[in-house]
file input.pdb (PDB, C-alpha atoms)
ATOM      1  CA  MET J  11     -49.456 -63.012  13.047
ATOM      2  CA  ILE J  12     -47.049 -62.506  10.202
ATOM      3  CA  THR J  13     -48.855 -59.321   9.190
ATOM      4  CA  GLU J  14     -48.480 -57.816  12.672
ATOM      5  CA  PHE J  15     -44.805 -58.752  12.744
ATOM      6  CA  LEU J  16     -44.173 -57.021   9.403
ATOM      7  CA  SER J  17     -46.042 -53.930  10.565
ATOM      8  CA  LEU J  18     -43.938 -53.681  13.720
ATOM      9  CA  LEU J  19     -40.770 -54.168  11.687
ATOM     10  CA  CYS J  20     -41.651 -51.391   9.293
ATOM     11  CA  LEU J  21     -42.527 -49.076  12.179
ATOM     12  CA  GLY J  22     -39.217 -49.754  13.883
ATOM     13  CA  LEU J  23     -37.282 -49.127  10.714
ATOM     14  CA  SER J  24     -39.083 -45.851  10.103
ATOM     15  CA  LEU J  25     -38.491 -44.675  13.666
ATOM     16  CA  GLY J  26     -34.833 -45.605  13.413
ATOM     17  CA  PHE J  27     -34.559 -43.686  10.173
ATOM     18  CA  GLU J  28     -36.147 -40.628  11.759
ATOM     19  CA  ASP J  29     -33.767 -40.822  14.739
ATOM     20  CA  GLU J  30     -30.853 -41.089  12.343
ATOM     21  CA  LYS J  31     -32.023 -37.972  10.505
ATOM     22  CA  LYS J  32     -32.395 -36.067  13.775
ATOM     23  CA  ASN J  33     -28.920 -37.013  14.931
ATOM     24  CA  GLU J  34     -27.433 -36.110  11.562
ATOM     25  CA  THR J  35     -25.066 -33.114  11.725
ATOM     26  CA  LEU J  36     -25.689 -30.442   9.089
ATOM     27  CA  THR J  37     -22.625 -28.841   7.511
ATOM     28  CA  LYS J  38     -22.365 -25.102   8.120
ATOM     29  CA  PRO J  39     -23.425 -22.880   5.203
ATOM     30  CA  TYR J  40     -21.527 -20.076   3.476
ATOM     31  CA  LEU J  41     -22.659 -16.420   3.674
ATOM     32  CA  SER J  42     -21.667 -13.779   1.100
ATOM     33  CA  ALA J  43     -22.664 -10.180   0.275
ATOM     34  CA  LEU J  44     -23.590  -8.974  -3.212
ATOM     35  CA  PRO J  45     -22.255  -6.799  -4.712
ATOM     36  CA  SER J  46     -19.928  -6.054  -1.779
ATOM     37  CA  PRO J  47     -19.869  -6.103   2.042
ATOM     38  CA  VAL J  48     -19.050  -2.367   1.946
ATOM     39  CA  VAL J  49     -22.166  -0.452   0.859
ATOM     40  CA  GLU J  50     -22.958   3.256   0.574
ATOM     41  CA  GLN J  51     -25.745   4.644   2.693
ATOM     42  CA  GLY J  52     -29.157   4.405   1.002
ATOM     43  CA  ARG J  53     -28.113   1.541  -1.297
ATOM     44  CA  ASN J  54     -29.190  -2.121  -1.258
ATOM     45  CA  VAL J  55     -27.263  -5.307  -0.561
ATOM     46  CA  THR J  56     -28.118  -8.993  -0.935
ATOM     47  CA  LEU J  57     -26.883 -11.493   1.653
ATOM     48  CA  ARG J  58     -26.735 -14.953   0.075
ATOM     49  CA  CYS J  59     -26.710 -18.073   2.259
ATOM     50  CA  LEU J  60     -25.526 -21.242   0.513
ATOM     51  CA  GLY J  61     -26.254 -24.584   2.188
ATOM     52  CA  HIS J  62     -25.623 -28.251   1.416
ATOM     53  CA  ARG J  63     -29.239 -29.476   1.324
ATOM     54  CA  HIS J  64     -32.290 -28.593  -0.727
ATOM     55  CA  ASN J  65     -35.823 -28.095   0.556
ATOM     56  CA  VAL J  66     -34.615 -26.430   3.736
ATOM     57  CA  THR J  67     -35.376 -23.315   5.785
ATOM     58  CA  PHE J  68     -32.652 -20.677   5.913
ATOM     59  CA  MET J  69     -32.208 -18.198   8.738
ATOM     60  CA  LEU J  70     -30.302 -14.899   8.756
ATOM     61  CA  GLY J  71     -29.159 -13.489  12.120
ATOM     62  CA  LYS J  72     -27.174 -10.535  13.428
ATOM     63  CA  LEU J  73     -24.522 -10.885  16.097
ATOM     64  CA  GLN J  74     -25.170  -7.481  17.700
ATOM     65  CA  ASP J  75     -28.968  -8.003  17.844
ATOM     66  CA  SER J  76     -30.234 -11.294  19.291
ATOM     67  CA  GLY J  77     -33.812 -10.413  18.304
ATOM     68  CA  TYR J  78     -32.937  -9.945  14.630
ATOM     69  CA  ARG J  79     -33.940 -12.945  12.528
ATOM     70  CA  GLN J  80     -35.158 -13.529   9.000
ATOM     71  CA  GLU J  81     -36.286 -16.961   7.781
ATOM     72  CA  GLN J  82     -36.862 -18.121   4.236
ATOM     73  CA  ARG J  83     -37.959 -21.464   2.784
ATOM     74  CA  SER J  84     -36.046 -22.586  -0.280
ATOM     75  CA  ALA J  85     -36.456 -25.504  -2.655
ATOM     76  CA  GLY J  86     -32.846 -25.157  -3.730
ATOM     77  CA  TYR J  87     -29.515 -24.992  -1.957
ATOM     78  CA  GLU J  88     -29.464 -21.253  -1.271
ATOM     79  CA  ALA J  89     -31.517 -18.301  -0.118
ATOM     80  CA  GLU J  90     -31.081 -14.574  -0.710
ATOM     81  CA  PHE J  91     -31.956 -11.917   1.880
ATOM     82  CA  LEU J  92     -32.356  -8.429   0.410
ATOM     83  CA  LEU J  93     -31.542  -5.462   2.675
ATOM     84  CA  THR J  94     -32.798  -2.171   1.210
ATOM     85  CA  HIS J  95     -32.111   1.518   1.901
ATOM     86  CA  LEU J  96     -29.227   0.763   4.242
ATOM     87  CA  GLU J  97     -28.506   3.025   7.191
ATOM     88  CA  PRO J  98     -25.527   3.040   9.591
ATOM     89  CA  LYS J  99     -27.648   1.055  12.057
ATOM     90  CA  ASN J 100     -27.793  -1.804   9.509
ATOM     91  CA  ALA J 101     -24.038  -2.288   9.709
ATOM     92  CA  GLY J 102     -22.816  -5.173  11.813
ATOM     93  CA  THR J 103     -21.854  -8.835  11.856
ATOM     94  CA  TYR J 104     -24.256 -11.238  10.118
ATOM     95  CA  PHE J 105     -24.441 -15.046   9.958
ATOM     96  CA  CYS J 106     -26.810 -17.670   8.567
ATOM     97  CA  ALA J 107     -27.909 -21.250   9.258
ATOM     98  CA  TYR J 108     -30.439 -23.768   7.887
ATOM     99  CA  LYS J 109     -32.546 -26.717   8.975
ATOM    100  CA  THR J 110     -34.290 -29.548   7.179
ATOM    101  CA  MET J 111     -38.008 -30.256   7.007
ATOM    102  CA  GLY J 112     -37.945 -33.095   9.558
ATOM    103  CA  SER J 113     -35.640 -31.403  12.063
ATOM    104  CA  GLN J 114     -36.021 -28.511  14.446
ATOM    105  CA  GLU J 115     -32.270 -28.163  14.971
ATOM    106  CA  TRP J 116     -30.392 -25.513  13.060
ATOM    107  CA  SER J 117     -27.133 -26.262  11.369
ATOM    108  CA  GLU J 118     -23.850 -24.827  12.521
ATOM    109  CA  GLU J 119     -23.633 -21.067  11.932
ATOM    110  CA  SER J 120     -21.779 -19.808   8.899
ATOM    111  CA  GLU J 121     -18.625 -17.748   9.102
ATOM    112  CA  HIS J 122     -19.428 -14.216  10.267
ATOM    113  CA  LEU J 123     -19.797 -11.520   7.621
ATOM    114  CA  GLN J 124     -18.979  -7.900   8.512
ATOM    115  CA  LEU J 125     -21.297  -5.477   6.718
ATOM    116  CA  GLU J 126     -20.135  -1.839   6.511
ATOM    117  CA  VAL J 127     -22.363   1.115   5.581
ATOM    118  CA  THR J 128     -20.471   4.237   4.496
ATOM    119  CA  ASP J 129     -21.834   7.789   4.619
ATOM    120  CA  ASP J 130     -21.335   9.021   1.052
ATOM    121  CA  ARG J 131     -22.736  12.490   1.831
ATOM    122  CA  ASN J 132     -19.841  13.289   4.147
ATOM    123  CA  LYS J 133     -17.422  12.199   1.446
ATOM    124  CA  ARG J 134     -18.991  14.658  -0.986
ATOM    125  CA  ARG J 135     -18.805  17.537   1.487
ATOM    126  CA  ALA J 136     -15.215  16.968   2.462
ATOM    127  CA  PRO J 137     -12.612  17.548  -0.261
ATOM    128  CA  PRO J 138     -10.724  14.413  -1.257
ATOM    129  CA  GLY J 139      -7.365  13.997   0.429
ATOM    130  CA  GLY J 140      -5.582  13.661  -2.905
ATOM    131  CA  LYS J 141      -6.773  17.105  -4.098
ATOM    132  CA  VAL J 142      -5.781  18.722  -0.800
ATOM    133  CA  THR J 143      -2.325  17.187  -1.035
ATOM    134  CA  ARG J 144      -1.881  18.372  -4.616
ATOM    135  CA  SER J 145      -2.961  21.896  -3.657
ATOM    136  CA  ILE J 146      -0.451  22.008  -0.804
ATOM    137  CA  ILE J 147       2.335  20.778  -3.080
ATOM    138  CA  ALA J 148       1.447  23.350  -5.750
ATOM    139  CA  ALA J 149       1.404  26.204  -3.213
ATOM    140  CA  THR J 150       4.761  25.081  -1.782
ATOM    141  CA  CYS J 151       6.353  24.942  -5.240
ATOM    142  CA  CYS J 152       4.995  28.409  -6.052
ATOM    143  CA  CYS J 153       6.454  29.885  -2.854
ATOM    144  CA  LEU J 154       9.815  28.230  -3.495
ATOM    145  CA  SER J 155       9.887  29.596  -7.049
ATOM    146  CA  ILE J 156       9.205  33.142  -5.848
ATOM    147  CA  LEU J 157      11.889  32.798  -3.161
ATOM    148  CA  LEU J 158      14.442  31.547  -5.688
ATOM    149  CA  LEU J 159      13.554  34.432  -8.014
ATOM    150  CA  PHE J 160      14.150  37.033  -5.304
ATOM    151  CA  LEU J 161      17.378  35.320  -4.310
ATOM    152  CA  SER J 162      18.610  35.330  -7.914
ATOM    153  CA  VAL J 163      17.814  39.041  -8.322
ATOM    154  CA  PHE J 164      19.608  39.825  -5.053
ATOM    155  CA  LEU J 165      22.743  37.899  -6.068
ATOM    156  CA  ILE J 166      22.814  39.488  -9.522
ATOM    157  CA  ASN J 167      22.482  42.930  -7.947
ATOM    158  CA  ARG J 168      25.310  42.223  -5.517
ATOM    159  CA  CYS J 169      27.591  40.958  -8.274
ATOM    160  CA  THR J 170      26.836  43.983 -10.435
ATOM    161  CA  GLN J 171      27.617  46.394  -7.608
ATOM    162  CA  HIS J 172      30.861  44.525  -6.871
ATOM    163  CA  ASP J 173      31.957  44.745 -10.513
ATOM    164  CA  LEU J 174      31.171  48.472 -10.651
ATOM    165  CA  SER J 175      33.110  49.195  -7.482
ATOM    166  CA  HIS J 176      36.035  47.152  -8.783
ATOM    167  CA  GLU J 177      36.067  49.116 -12.062
ATOM    168  CA  GLU J 178      35.925  52.446 -10.216
ATOM    169  CA  SER J 179      38.845  51.480  -7.967
ATOM    170  CA  THR J 180      40.840  50.407 -11.038
ATOM    171  CA  LYS J 181      40.138  53.696 -12.769
ATOM    172  CA  ARG J 182      41.160  55.667  -9.689
ATOM    173  CA  THR J 183      44.405  53.735  -9.439
ATOM    174  CA  SER J 184      45.216  54.318 -13.106
ATOM    175  CA  HIS J 185      44.440  58.033 -12.812
ATOM    176  CA  SER J 186      46.675  58.384  -9.779
ATOM    177  CA  LYS J 187      49.567  56.679 -11.575
ATOM    178  CA  LEU J 188      49.361  58.924 -14.648
ATOM    179  CA  PRO J 189      50.743  62.180 -13.018
ATOM    180  CA  GLN J 190      53.606  60.229 -11.462
ATOM    181  CA  GLN J 191      54.472  58.657 -14.775
ATOM    182  CA  GLU J 192      54.305  62.035 -16.480
ATOM    183  CA  ALA J 193      56.537  63.559 -13.819
ATOM    184  CA  MET J 194      59.065  60.738 -14.225
ATOM    185  CA  ASP J 195      58.990  61.073 -17.984
ATOM    186  CA  SER J 196      59.539  64.844 -17.786
ATOM    187  CA  SER J 197      62.485  64.455 -15.364
ATOM    188  CA  ASP J 198      64.061  61.933 -17.691
ATOM    189  CA  LEU J 199      63.663  64.351 -20.594
ATOM    190  CA  GLU J 200      65.275  67.166 -18.619
ATOM    191  CA  ARG J 201      68.184  64.979 -17.685
ATOM    192  CA  THR J 202      68.618  63.947 -21.275
ATOM    193  CA  SER J 203      68.522  67.536 -22.502
ATOM    194  CA  VAL J 204      71.016  68.731 -19.855
ATOM    195  CA  SER J 205      73.434  65.968 -20.681
ATOM    196  CA  ALA J 206      73.112  66.836 -24.329
ATOM    197  CA  GLU J 207      73.913  70.534 -23.760
ATOM    198  CA  ARG J 208      77.104  69.866 -21.834
ATOM    199  CA  PRO J 209      80.268  69.916 -23.969
ATOM    200  CA  PRO J 210      82.210  66.750 -24.218
ATOM    201  CA  GLY J 211      84.900  66.642 -21.641
ATOM    202  CA  SER J 212      83.135  68.790 -19.112
ATOM    203  CA  GLU J 213      82.273  65.712 -17.137
ATOM    204  CA  LEU J 214      85.931  65.305 -16.332
ATOM    205  CA  CYS J 215      86.056  68.567 -14.428
TER     206      CYS J 215
END
call {"tool": "encode", "arguments": {"input": "input.pdb", "output": "structure tokens"}}
result
Amino acid sequence: MITEFLSLLCLGLSLGFEDEKKNETLTKPYLSALPSPVVEQGRNVTLRCLGHRHNVTFMLGKLQDSGYRQEQRSAGYEAEFLLTHLEPKNAGTYFCAYKTMGSQEWSEESEHLQLEVTDDRNKRRAPPGGKVTRSIIAATCCCLSILLLFLSVFLINRCTQHDLSHEESTKRTSHSKLPQQEAMDSSDLERTSVSAERPPGSELC
């Protein structure tokens, strides 16, 4: 009688323990991308899911594809999912979850991870924006230098012509004044000579 009672007690305790494990809420894991969530086309990336229990099954899912799922058993607290030879179709939003051995319920999903796949071939074909900008700046500076050079030559030419015309007008003015000055000088000499030839006292008459 005592043996049956102990057996029933042990069975009840074990069932209660199992129910407690089933009702236990699993903390959501953490998902990260190695080496980076931005990957060039054709390269590989590792998505690491870190949980809070060991001896669990990890699951990797994709938000844009409900049929996408990868599962991995792990004796530790984490699992790594390797994605190789990435294509643009592999880009998207990923998440992970885990469950224990005695439970069929998955934990809460991890925070979503946005994976980007860049097309490196297009980058190689197209010239970098920095080089294009530098080329435009260099061409603009060259055109401005040539324009300033022509402007300087034009101004120097104009100033030279103005100086020459000013000198010619000055020379013409000086030449025109010389005959008048000579005529005035000669008339003064004649007057002086006439006054000298007159006898003193003739001015009174």
call {"tool": "residues_around", "arguments": {"input": "input.pdb", "residues": "Gln80 in chain J", "least_positions_apart": "6", "cutoff": "12 Å", "atoms": "only C-alpha atoms", "output": "list in words"}}
result
Leu57, Cys59, Thr67, Phe68, Met69, Leu70, Gly71, Lys72, Ala89, Glu90, Phe91, Leu92, Leu93, Tyr104, Phe105, Cys106, Ala107 and Tyr108 of chain J
call {"tool": "resolve_selection", "arguments": {"input": "input.pdb", "expression": "the PyMOL selection byres ((chain J and resi 118) around 7)", "output": "ChimeraX atom specification"}}
result
/J:36-38,107,116-117,119-120
call {"tool": "write_last_selection", "arguments": {"input": "input.pdb", "atoms": "C-alpha atoms", "output": "PDB file, keeping the file's coordinate frame"}}
result
ATOM      1  CA  LEU J  36     -25.689 -30.442   9.089  1.00  0.00           C
ATOM      2  CA  THR J  37     -22.625 -28.841   7.511  1.00  0.00           C
ATOM      3  CA  LYS J  38     -22.365 -25.102   8.120  1.00  0.00           C
ATOM      4  CA  ALA J 107     -27.909 -21.250   9.258  1.00  0.00           C
ATOM      5  CA  TRP J 116     -30.392 -25.513  13.060  1.00  0.00           C
ATOM      6  CA  SER J 117     -27.133 -26.262  11.369  1.00  0.00           C
ATOM      7  CA  GLU J 119     -23.633 -21.067  11.932  1.00  0.00           C
ATOM      8  CA  SER J 120     -21.779 -19.808   8.899  1.00  0.00           C
TER       9      SER J 120
END
call {"tool": "atom_distance", "arguments": {"input": "input.pdb", "atom1": "CA of Ser113 in chain J", "atom2": "CA of Glu88 in chain J"}}
result
17.9 Å
call {"tool": "axis_aligned_box", "arguments": {"input": "input.pdb", "around": "range 39-46 of chain J", "padding_each_side": "6 Å", "output": "AutoDock Vina command-line options"}}
result
--center_x -21.8 --center_y -14.5 --center_z 0.2 --size_x 15.7 --size_y 28.8 --size_z 21.9
call {"tool": "resolve_selection", "arguments": {"input": "input.pdb", "expression": "the PyMOL selection byres ((chain J and resi 50) around 9)", "output": "JSON, numbers by chain"}}
result
{"J": [48, 49, 51, 52, 53, 54, 96, 97, 126, 127, 128, 129, 130]}
call {"tool": "atom_distance", "arguments": {"input": "input.pdb", "atom1": "CA of Leu73 in chain J", "atom2": "CA of Gly102 in chain J"}}
result
7.3 Å
call {"tool": "resolve_selection", "arguments": {"input": "input.pdb", "expression": "the PyMOL selection byres ((chain J and resi 60-66) around 6)", "output": "list in words"}}
result
Pro39, Tyr40, Cys59, Thr67, Ser84, Ala85, Gly86, Tyr87, Glu88, Lys109 and Thr110 of chain J
call {"tool": "atom_distance", "arguments": {"input": "input.pdb", "atom1": "CA of Pro47 in chain J", "atom2": "CA of Gln124 in chain J"}}
result
6.8 Å
